[in-house]
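Engineer: Got a structure for you, work11.csv, holding CSV, C-alpha atoms and all ligand atoms.
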chain,number,residue,atom,x,y,z
A,1,MET,CA,31.1,72.6,-28.3
A,2,THR,CA,34.0,70.2,-28.7
A,3,ILE,CA,34.3,67.5,-26.1
A,4,ASP,CA,38.0,66.6,-25.9
A,5,LEU,CA,38.7,63.3,-24.1
A,6,ARG,CA,42.0,62.5,-25.7
A,7,SER,CA,43.9,63.3,-22.6
A,8,ASP,CA,43.8,65.3,-19.3
A,9,THR,CA,46.6,67.4,-20.7
A,10,VAL,CA,44.2,69.4,-22.9
A,11,THR,CA,42.9,71.7,-20.1
A,12,LYS,CA,43.5,75.4,-20.2
A,13,PRO,CA,44.2,77.5,-17.1
A,14,SER,CA,41.0,78.8,-15.4
A,15,LYS,CA,40.3,82.4,-14.6
A,16,GLY,CA,41.4,81.9,-11.0
A,17,MET,CA,44.6,80.2,-12.0
A,18,LEU,CA,45.4,82.9,-14.5
A,19,ASP,CA,44.9,85.6,-11.9
A,20,ALA,CA,47.2,83.7,-9.5
A,21,MET,CA,49.8,83.5,-12.3
A,22,MET,CA,49.6,87.2,-13.2
A,23,GLN,CA,50.2,88.2,-9.5
A,24,ALA,CA,53.2,85.9,-9.0
A,25,GLN,CA,56.4,87.3,-7.6
A,26,VAL,CA,59.2,86.2,-9.8
A,27,GLY,CA,63.0,86.1,-10.1
A,28,ASP,CA,65.8,84.2,-11.9
A,29,ASP,CA,65.2,80.6,-10.9
A,30,VAL,CA,68.6,79.5,-12.3
A,31,TYR,CA,70.0,81.6,-9.4
A,32,LYS,CA,67.3,80.0,-7.2
A,33,GLU,CA,65.9,83.6,-6.8
A,34,ASP,CA,62.4,82.9,-7.9
A,35,PRO,CA,60.3,83.2,-4.7
A,36,THR,CA,57.3,81.5,-6.1
A,37,VAL,CA,59.2,78.5,-7.4
A,38,ASN,CA,60.9,78.2,-4.0
A,39,VAL,CA,57.6,78.2,-2.2
A,40,LEU,CA,56.2,75.5,-4.6
A,41,GLU,CA,59.2,73.3,-4.2
A,42,GLU,CA,59.2,73.6,-0.4
A,43,ARG,CA,55.5,73.0,-0.2
A,44,ILE,CA,55.7,69.8,-2.3
A,45,ALA,CA,58.8,68.5,-0.5
A,46,THR,CA,57.0,69.1,2.8
A,47,MET,CA,53.8,67.3,1.5
A,48,PHE,CA,55.9,64.2,0.8
A,49,GLU,CA,58.2,64.7,3.8
A,50,LYS,CA,61.3,64.7,1.6
A,51,GLU,CA,64.2,67.1,1.8
A,52,LYS,CA,64.1,68.5,-1.7
A,53,ALA,CA,61.8,69.1,-4.6
A,54,LEU,CA,62.7,70.6,-8.0
A,55,PHE,CA,60.4,72.2,-10.6
A,56,PHE,CA,60.7,70.8,-14.2
A,57,PRO,CA,59.0,71.9,-17.4
A,58,THR,CA,57.7,68.3,-18.2
A,59,GLY,CA,57.1,65.0,-16.5
A,60,SER,CA,59.3,63.3,-19.1
A,61,MET,CA,62.3,65.5,-18.1
A,62,ALA,CA,61.7,64.9,-14.4
A,63,ASN,CA,61.6,61.1,-15.0
A,64,GLN,CA,64.6,61.2,-17.3
A,65,ALA,CA,66.5,63.2,-14.7
A,66,ALA,CA,65.5,60.6,-12.1
A,67,ILE,CA,66.8,57.8,-14.3
A,68,LYS,CA,70.1,59.7,-14.7
A,69,LEU,CA,70.4,60.2,-11.0
A,70,HIS,CA,70.0,56.6,-10.2
A,71,THR,CA,72.0,54.9,-12.9
A,72,ASN,CA,75.3,54.7,-14.8
A,73,PRO,CA,75.6,54.0,-18.5
A,74,GLY,CA,75.2,50.3,-19.2
A,75,ASP,CA,72.9,49.8,-16.2
A,76,GLN,CA,69.4,48.3,-16.4
A,77,VAL,CA,66.1,49.7,-15.2
A,78,ILE,CA,63.3,47.3,-14.2
A,79,CYS,CA,59.9,48.6,-15.3
A,80,ASP,CA,56.6,47.4,-16.7
A,81,LYS,CA,56.2,46.7,-20.4
A,82,TYR,CA,53.5,49.5,-20.4
A,83,ALA,CA,55.8,52.0,-18.6
A,84,HIS,CA,55.7,55.6,-19.8
A,85,ILE,CA,59.5,55.9,-19.5
A,86,TYR,CA,59.9,53.0,-21.9
A,87,ASN,CA,57.0,53.7,-24.4
A,88,TYR,CA,56.4,57.4,-24.4
A,89,GLU,CA,59.6,59.3,-23.6
A,90,GLY,CA,61.2,59.0,-27.1
A,91,GLY,CA,63.7,56.4,-26.0
A,92,GLY,CA,65.1,58.9,-23.5
A,93,ALA,CA,66.4,56.3,-21.1
A,94,SER,CA,68.9,55.0,-23.6
A,95,PHE,CA,69.6,58.4,-25.1
A,96,ASN,CA,70.1,60.3,-21.9
A,97,SER,CA,71.4,57.7,-19.5
A,98,GLY,CA,72.6,54.9,-21.7
A,99,VAL,CA,70.6,52.4,-19.9
A,100,SER,CA,68.4,49.5,-21.0
A,101,CYS,CA,65.0,48.5,-19.6
A,102,LYS,CA,64.1,45.0,-18.4
A,103,LEU,CA,60.4,44.9,-19.0
A,104,ILE,CA,58.1,43.0,-16.7
A,105,ASP,CA,55.0,41.4,-18.2
A,106,GLY,CA,52.7,42.9,-15.6
A,107,ASN,CA,49.0,43.3,-15.1
A,108,GLY,CA,47.5,46.6,-16.1
A,109,GLY,CA,50.9,48.2,-15.9
A,110,MET,CA,51.6,46.7,-12.4
A,111,PHE,CA,53.7,43.9,-11.1
A,112,THR,CA,54.7,42.0,-7.9
A,113,ALA,CA,57.8,42.1,-5.7
A,114,ASP,CA,58.3,38.5,-6.8
A,115,GLN,CA,58.5,39.5,-10.5
A,116,VAL,CA,61.0,42.2,-9.5
A,117,LEU,CA,63.2,39.7,-7.8
A,118,LYS,CA,63.2,37.5,-10.9
A,119,ALA,CA,64.1,40.4,-13.1
A,120,ILE,CA,67.2,41.4,-11.2
A,121,ASN,CA,70.5,40.4,-12.8
A,122,PRO,CA,73.0,38.9,-10.4
A,123,PRO,CA,75.6,41.6,-9.8
A,124,ASP,CA,78.5,39.2,-9.7
A,125,PHE,CA,77.6,37.9,-13.2
A,126,TYR,CA,79.5,40.6,-15.1
A,127,HIS,CA,78.1,39.5,-18.5
A,128,SER,CA,74.7,41.0,-17.9
A,129,PRO,CA,73.8,44.6,-17.4
A,130,LEU,CA,73.9,45.8,-13.8
A,131,THR,CA,70.4,46.3,-12.4
A,132,SER,CA,70.3,49.6,-10.5
A,133,LEU,CA,66.7,51.0,-10.5
A,134,VAL,CA,63.1,49.8,-10.2
A,135,GLU,CA,60.5,52.2,-11.7
A,136,ILE,CA,56.8,52.0,-11.3
A,137,GLU,CA,53.9,54.2,-12.4
A,138,ASN,CA,50.9,55.2,-10.2
A,139,THR,CA,48.3,55.5,-11.6
A,140,THR,CA,49.3,53.5,-14.7
A,141,ASN,CA,48.7,55.3,-17.9
A,142,LYS,CA,48.6,52.6,-20.6
A,143,GLY,CA,47.3,50.3,-17.8
A,144,GLY,CA,44.1,52.3,-17.7
A,145,GLY,CA,44.5,54.6,-14.7
A,146,ALA,CA,44.8,51.6,-12.3
A,147,CYS,CA,46.1,52.2,-8.8
A,148,TRP,CA,48.7,50.1,-7.1
A,149,ASP,CA,48.1,48.1,-4.0
A,150,PHE,CA,50.3,50.0,-1.5
A,151,ASN,CA,51.3,46.7,0.3
A,152,GLU,CA,52.9,45.5,-2.9
A,153,ILE,CA,54.8,48.7,-3.3
A,154,LYS,CA,56.2,48.2,0.3
A,155,LYS,CA,57.3,44.7,-0.7
A,156,ILE,CA,59.1,46.0,-3.7
A,157,ARG,CA,60.8,48.6,-1.5
A,158,GLU,CA,62.1,45.7,0.6
A,159,VAL,CA,63.5,44.0,-2.5
A,160,CYS,CA,65.1,47.2,-3.5
A,161,ASP,CA,66.7,47.5,-0.1
A,162,GLU,CA,68.0,44.0,-0.1
A,163,HIS,CA,69.5,44.4,-3.6
A,164,LYS,CA,70.6,48.0,-3.2
A,165,LEU,CA,68.4,49.3,-6.0
A,166,GLY,CA,66.9,52.8,-6.4
A,167,PHE,CA,63.1,53.0,-6.4
A,168,HIS,CA,61.5,55.7,-8.6
A,169,LEU,CA,57.8,56.5,-8.9
A,170,ASP,CA,56.4,58.1,-12.0
A,171,GLY,CA,53.6,59.8,-10.3
A,172,ALA,CA,52.3,61.8,-13.2
A,173,ARG,CA,48.8,61.0,-11.9
A,174,LEU,CA,49.7,60.1,-8.3
A,175,TRP,CA,47.2,62.7,-7.2
A,176,HIS,CA,44.4,60.6,-8.7
A,177,ALA,CA,45.6,57.5,-6.8
A,178,LEU,CA,45.8,59.5,-3.6
A,179,VAL,CA,42.2,60.7,-4.0
A,180,ALA,CA,40.8,57.3,-5.2
A,181,LYS,CA,42.5,55.2,-2.5
A,182,LYS,CA,42.5,57.9,0.3
A,183,GLU,CA,46.3,57.7,0.6
A,184,THR,CA,48.8,60.4,1.6
A,185,PRO,CA,51.8,61.9,-0.1
A,186,LYS,CA,53.8,61.1,3.1
A,187,GLN,CA,53.4,57.3,2.7
A,188,TYR,CA,54.8,57.6,-0.8
A,189,GLY,CA,57.6,59.8,0.4
A,190,GLU,CA,58.5,57.1,2.9
A,191,VAL,CA,59.0,54.3,0.4
A,192,PHE,CA,60.4,55.9,-2.8
A,193,ASP,CA,63.8,57.4,-3.3
A,194,THR,CA,62.5,59.8,-6.0
A,195,ILE,CA,59.0,60.7,-7.1
A,196,SER,CA,57.9,62.8,-10.1
A,197,VAL,CA,54.4,64.4,-10.1
A,198,CYS,CA,52.7,66.3,-12.9
A,199,LEU,CA,50.9,69.6,-12.4
A,200,SER,CA,49.7,69.7,-16.0
A,201,LYS,CA,47.6,66.5,-16.0
A,202,GLY,CA,44.6,66.3,-13.7
A,203,LEU,CA,45.6,69.5,-11.8
A,204,GLY,CA,45.0,71.7,-14.8
A,205,CYS,CA,48.2,73.7,-15.0
A,206,PRO,CA,49.5,74.7,-18.4
A,207,ILE,CA,52.9,73.2,-17.7
A,208,GLY,CA,55.0,71.8,-14.9
A,209,SER,CA,56.2,68.7,-13.0
A,210,VAL,CA,58.2,68.3,-9.8
A,211,LEU,CA,60.8,65.8,-8.9
A,212,ILE,CA,61.0,65.0,-5.2
A,213,GLY,CA,63.7,63.2,-3.1
A,214,ASP,CA,66.2,63.5,-0.3
A,215,GLU,CA,69.2,65.7,-0.4
A,216,THR,CA,71.7,62.9,-1.2
A,217,ILE,CA,70.1,61.8,-4.4
A,218,MET,CA,68.7,65.2,-5.4
A,219,SER,CA,72.0,67.1,-4.9
A,220,ASN,CA,72.9,66.5,-8.5
A,221,ALA,CA,69.4,67.0,-9.9
A,222,ILE,CA,69.8,70.7,-10.6
A,223,ARG,CA,72.9,70.0,-12.7
A,224,ILE,CA,71.1,67.2,-14.6
A,225,ARG,CA,68.2,69.5,-15.3
A,226,LYS,CA,70.6,72.2,-16.6
A,227,ILE,CA,72.3,69.6,-18.9
A,228,PHE,CA,68.8,68.6,-20.2
A,229,GLY,CA,68.1,72.3,-21.0
A,230,GLY,CA,65.5,72.6,-18.3
A,231,GLY,CA,67.0,75.5,-16.2
A,232,MET,CA,64.3,78.2,-16.4
A,233,ARG,CA,64.3,81.8,-15.5
A,234,GLN,CA,61.2,83.8,-14.3
A,235,VAL,CA,59.3,80.6,-14.0
A,236,GLY,CA,57.4,81.7,-10.9
A,237,TYR,CA,54.4,82.5,-13.2
A,238,LEU,CA,54.1,78.8,-13.8
A,239,ALA,CA,54.9,77.8,-10.3
A,240,ALA,CA,52.0,80.1,-9.2
A,241,ALA,CA,49.7,77.9,-11.3
A,242,GLY,CA,51.0,74.9,-9.5
A,243,LEU,CA,50.3,76.4,-6.0
A,244,TYR,CA,46.8,77.4,-7.1
A,245,ALA,CA,46.2,73.9,-8.4
A,246,LEU,CA,47.4,72.3,-5.1
A,247,ASP,CA,44.9,74.5,-3.2
A,248,ASN,CA,41.9,74.1,-5.6
A,249,ASN,CA,42.2,71.1,-7.9
A,250,ILE,CA,43.1,68.0,-6.0
A,251,GLU,CA,39.9,67.1,-4.2
A,252,ARG,CA,37.8,67.6,-7.3
A,253,LEU,CA,39.5,64.8,-9.1
A,254,LYS,CA,36.8,62.6,-7.5
A,255,GLU,CA,34.4,64.2,-10.0
A,256,ASP,CA,36.6,63.1,-12.9
A,257,HIS,CA,36.7,59.6,-11.5
A,258,LYS,CA,32.9,59.5,-11.2
A,259,LYS,CA,32.4,60.6,-14.7
A,260,ALA,CA,34.9,58.1,-16.0
A,261,LYS,CA,33.0,55.3,-14.3
A,262,GLU,CA,29.7,56.5,-15.8
A,263,ILE,CA,31.2,56.5,-19.2
A,264,GLY,CA,32.5,53.0,-18.6
A,265,GLU,CA,29.0,51.8,-17.6
A,266,ILE,CA,27.4,53.2,-20.8
A,267,LEU,CA,30.2,51.7,-23.0
A,268,SER,CA,29.9,48.3,-21.4
A,269,LYS,CA,26.2,48.2,-22.4
A,270,LEU,CA,27.0,48.8,-26.1
A,271,SER,CA,26.9,45.6,-28.2
A,272,MET,CA,29.8,46.8,-30.3
A,273,VAL,CA,32.1,47.1,-27.3
A,274,LYS,CA,34.0,43.9,-26.4
A,275,THR,CA,35.5,45.0,-23.1
A,276,VAL,CA,35.9,48.0,-20.8
A,277,GLU,CA,38.9,47.8,-18.6
A,278,PRO,CA,38.2,48.3,-14.8
A,279,ILE,CA,38.0,52.0,-14.1
A,280,GLU,CA,39.5,53.3,-10.8
A,281,THR,CA,40.4,56.8,-11.8
A,282,ASN,CA,40.0,59.1,-14.8
A,283,ILE,CA,41.0,56.9,-17.6
A,284,VAL,CA,38.6,54.7,-19.6
A,285,ILE,CA,40.2,52.1,-21.9
A,286,PHE,CA,38.0,49.9,-24.0
A,287,GLU,CA,38.1,47.6,-27.0
A,288,LEU,CA,35.5,47.2,-29.8
A,289,ASN,CA,34.4,43.9,-31.2
A,290,GLN,CA,36.5,42.6,-34.0
A,291,ASP,CA,34.0,43.3,-36.7
A,292,VAL,CA,33.7,46.9,-35.7
A,293,ASP,CA,36.1,49.3,-37.4
A,294,GLU,CA,37.6,51.5,-34.7
A,295,ILE,CA,38.5,54.3,-37.2
A,296,ASN,CA,34.8,54.4,-38.2
A,297,PHE,CA,33.8,54.5,-34.5
A,298,MET,CA,36.2,57.4,-33.8
A,299,GLN,CA,34.9,59.2,-36.9
A,300,LYS,CA,31.3,58.8,-35.8
A,301,LEU,CA,32.3,60.5,-32.5
A,302,ALA,CA,34.4,63.1,-34.2
A,303,ASN,CA,31.3,64.0,-36.3
A,304,LYS,CA,29.6,64.9,-33.0
A,305,ASN,CA,32.7,66.9,-32.0
A,306,ILE,CA,33.9,64.3,-29.6
A,307,LYS,CA,37.6,63.5,-29.6
A,308,ILE,CA,39.1,60.3,-28.2
A,309,ILE,CA,42.4,58.5,-28.9
A,310,GLY,CA,43.6,55.1,-30.1
A,311,MET,CA,46.1,53.3,-27.9
A,312,GLY,CA,47.2,50.7,-30.5
A,313,GLY,CA,46.3,47.1,-30.4
A,314,GLY,CA,42.6,47.8,-30.9
A,315,LYS,CA,42.3,49.8,-27.6
A,316,LEU,CA,40.6,53.2,-27.4
A,317,ARG,CA,41.0,55.7,-24.6
A,318,MET,CA,38.9,58.5,-23.0
A,319,VAL,CA,40.3,60.6,-20.2
A,320,THR,CA,38.1,62.9,-18.0
A,321,HIS,CA,39.5,66.2,-16.7
A,322,LEU,CA,38.9,69.6,-15.3
A,323,ASP,CA,37.6,71.1,-18.5
A,324,TYR,CA,35.1,68.3,-19.1
A,325,THR,CA,32.0,69.8,-17.7
A,326,ASP,CA,28.7,68.3,-16.5
A,327,ASP,CA,27.0,69.5,-19.6
A,328,MET,CA,29.6,67.9,-21.8
A,329,HIS,CA,29.3,64.7,-19.8
A,330,ASN,CA,25.5,64.5,-20.2
A,331,ASN,CA,25.9,65.2,-23.9
A,332,LEU,CA,28.5,62.5,-24.3
A,333,LEU,CA,26.6,59.9,-22.5
A,334,ASN,CA,23.6,60.6,-24.7
A,335,ILE,CA,25.6,60.4,-27.9
A,336,VAL,CA,27.5,57.3,-27.0
A,337,GLN,CA,24.3,55.5,-25.9
A,338,LYS,CA,22.8,56.1,-29.4
A,339,ILE,CA,25.8,55.5,-31.5
A,340,ASN,CA,25.4,52.9,-34.2
A,341,ILE,CA,27.7,51.7,-36.9
B,401,LIG,C1,52.0,62.4,-19.0
B,401,LIG,C2,52.9,61.4,-18.3
B,401,LIG,C3,54.2,61.7,-18.1
B,401,LIG,C4,54.9,63.0,-18.4
B,401,LIG,O1,54.6,63.5,-19.6
B,401,LIG,P1,55.0,65.0,-20.1
B,401,LIG,O2,54.1,65.2,-21.3
B,401,LIG,O3,56.4,64.9,-20.5
B,401,LIG,O4,54.7,66.0,-19.0
B,401,LIG,C5,55.0,60.8,-17.4
B,401,LIG,N1,54.4,59.6,-17.0
B,401,LIG,C6,53.1,59.3,-17.3
B,401,LIG,C7,52.6,58.0,-16.8
B,401,LIG,C8,52.3,60.2,-17.9
B,401,LIG,O5,51.1,59.9,-18.2
Rewrite the structure from the file as structure tokens, please.
Structural biologist:
Amino acid sequence: MTIDLRSDTVTKPSKGMLDAMMQAQVGDDVYKEDPTVNVLEERIATMFEKEKALFFPTGSMANQAAIKLHTNPGDQVICDKYAHIYNYEGGGASFNSGVSCKLIDGNGGMFTADQVLKAINPPDFYHSPLTSLVEIENTTNKGGGACWDFNEIKKIREVCDEHKLGFHLDGARLWHALVAKKETPKQYGEVFDTISVCLSKGLGCPIGSVLIGDETIMSNAIRIRKIFGGGMRQVGYLAAAGLYALDNNIERLKEDHKKAKEIGEILSKLSMVKTVEPIETNIVIFELNQDVDEINFMQKLANKNIKIIGMGGGKLRMVTHLDYTDDMHNNLLNIVQKINI
């Protein structure tokens, strides 16, 4: 039995999800004639109380489309130094939209409204790039699954209003934040111009993300998606997985969070572990003592069929998910407890 904790993207569709997919009504979504995609998009738009939602093959493409919608070439996007759009989307912001990123030196991937204010270039000083968008991530990926304080988000919204900036949320794991903090999609819909959510992370779908926003900003989204090569045909089979996931796989994220906390507790008791970052959701990031070789540590786990991932800078990551069972969890806790190097 392999225990794969490299990411929550390693899940495979369950029997129930596969059945829902097989029974999907489909049509050509480029003509907007796929009934299942239409239902999914409407359902997600309604959840967030926004006018429009659009299905995308990946979260990266949804984020990249959002950046394109909010900016012109030469503009600047304010985001955290850990941001997925900056670190993990292949340089897409500059490639697709011709924008640069002004990185904020935040805390766990999060920052304050005050830091945003200081990062805005004065629009009348034509030497510097024009700031046009603020982007945040909830939960933060490289920041260890941390959840934002919603009050800070509201303050950033005010700064965006004052300075006429767009506000985009990379909500690849927003579902985790909603469950952990008992928040609602509606409150996020109220403060952001655009939101991307992933169906293929914690929710266990094989593929799929959705970009959400009001008509004005979203009216060009379908064209951008087409330009990016993301116009899909009988994609209702995948949208059906999304609908199934919304019905069945959100509340259970609590279990992933509980397991992650339990892993963190065991790790923090190991003498070879230097620090475990605070765990709020399903991501565990930890660092080994300097005299412990991380490659060796990962190999020891690999020998027991446990896969984890390095995040660079001496940090290691484990992510709990739908396919990480109670049995695997007990097994893992046992093995980690006894590990010696
Ligand atoms: C996974 C992820 C995405 C999207 O990734 P894709 O693999 O392109 O679907 C975007 N943002 C964050 C924070 C992520 O963790």
Engineer: I'd like the interatomic distance between atom CA of A:Thr131 and atom CA of A:Lys68, to a tenth of an Å.
Structural biologist: 13.6 Å
Engineer: Please, which residues have at least one atom within 6 Å of an atom of ligand LIG 401 (chain B), using all atoms listed in the file, listed as a CSV table (one decimal) with C-alpha atoms, keeping the file's coordinate frame?
Structural biologist:
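That gives us selection_18.csv:
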chain,number,residue,atom,x,y,z
A,58,THR,CA,57.7,68.3,-18.2
A,59,GLY,CA,57.1,65.0,-16.5
A,60,SER,CA,59.3,63.3,-19.1
A,84,HIS,CA,55.7,55.6,-19.8
A,137,GLU,CA,53.9,54.2,-12.4
A,140,THR,CA,49.3,53.5,-14.7
A,141,ASN,CA,48.7,55.3,-17.9
A,170,ASP,CA,56.4,58.1,-12.0
A,172,ALA,CA,52.3,61.8,-13.2
Engineer: Find the residue from A:Thr216, A:Ser7, A:Asn72, A:Asn249 that sits nearest to A:Gly145; use only C-alpha atoms when measuring.
Structural biologist: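 The shortest atom-to-atom distance to A:Gly145 comes from A:Ser7.
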Engineer: Residues around (55.8, 56.9, -12.3), cut-off 7 Å, counting only C-alpha atoms - what are they as a PyMOL selection string?
Structural biologist: chain A and resi 135-138+168-172+196
Engineer: Between A:Arg225, A:Arg43, A:Lys155, A:Lys201, which residue has the minimum interatomic distance to A:Leu69, considering only C-alpha atoms?
Structural biologist: A:Arg225
Engineer: Measuring between only C-alpha atoms, which one of A:Gly189, A:Leu322, A:Leu199, A:Ile85 shows the shortest distance to A:Arg173?
Structural biologist: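 Closest to A:Arg173, using only C-alpha atoms: A:Leu199.
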Engineer: Show which residues sit within 6 Å of A:Asp8, as a list in words. Count only C-alpha atoms, and ignore same-chain residues fewer than 6 positions away.
Structural biologist: Lys201, Gly202, Val319 and His321 of chain A
Engineer: Taking into account all atoms listed in the file, which residue in the set A:Ile3, A:Val26, A:Met21, A:Leu40 is nearest to A:Asn305?
Structural biologist: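 With all atoms listed in the file as the atom set, the closest residue is A:Ile3.
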Engineer: Between atom CA of A:Ser100 and atom CA of A:Met61, measure the distance and give it in Å to one decimal.
Structural biologist: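 One can read the atom CA of A:Ser100 to atom CA of A:Met61 distance as 17.4 Å.
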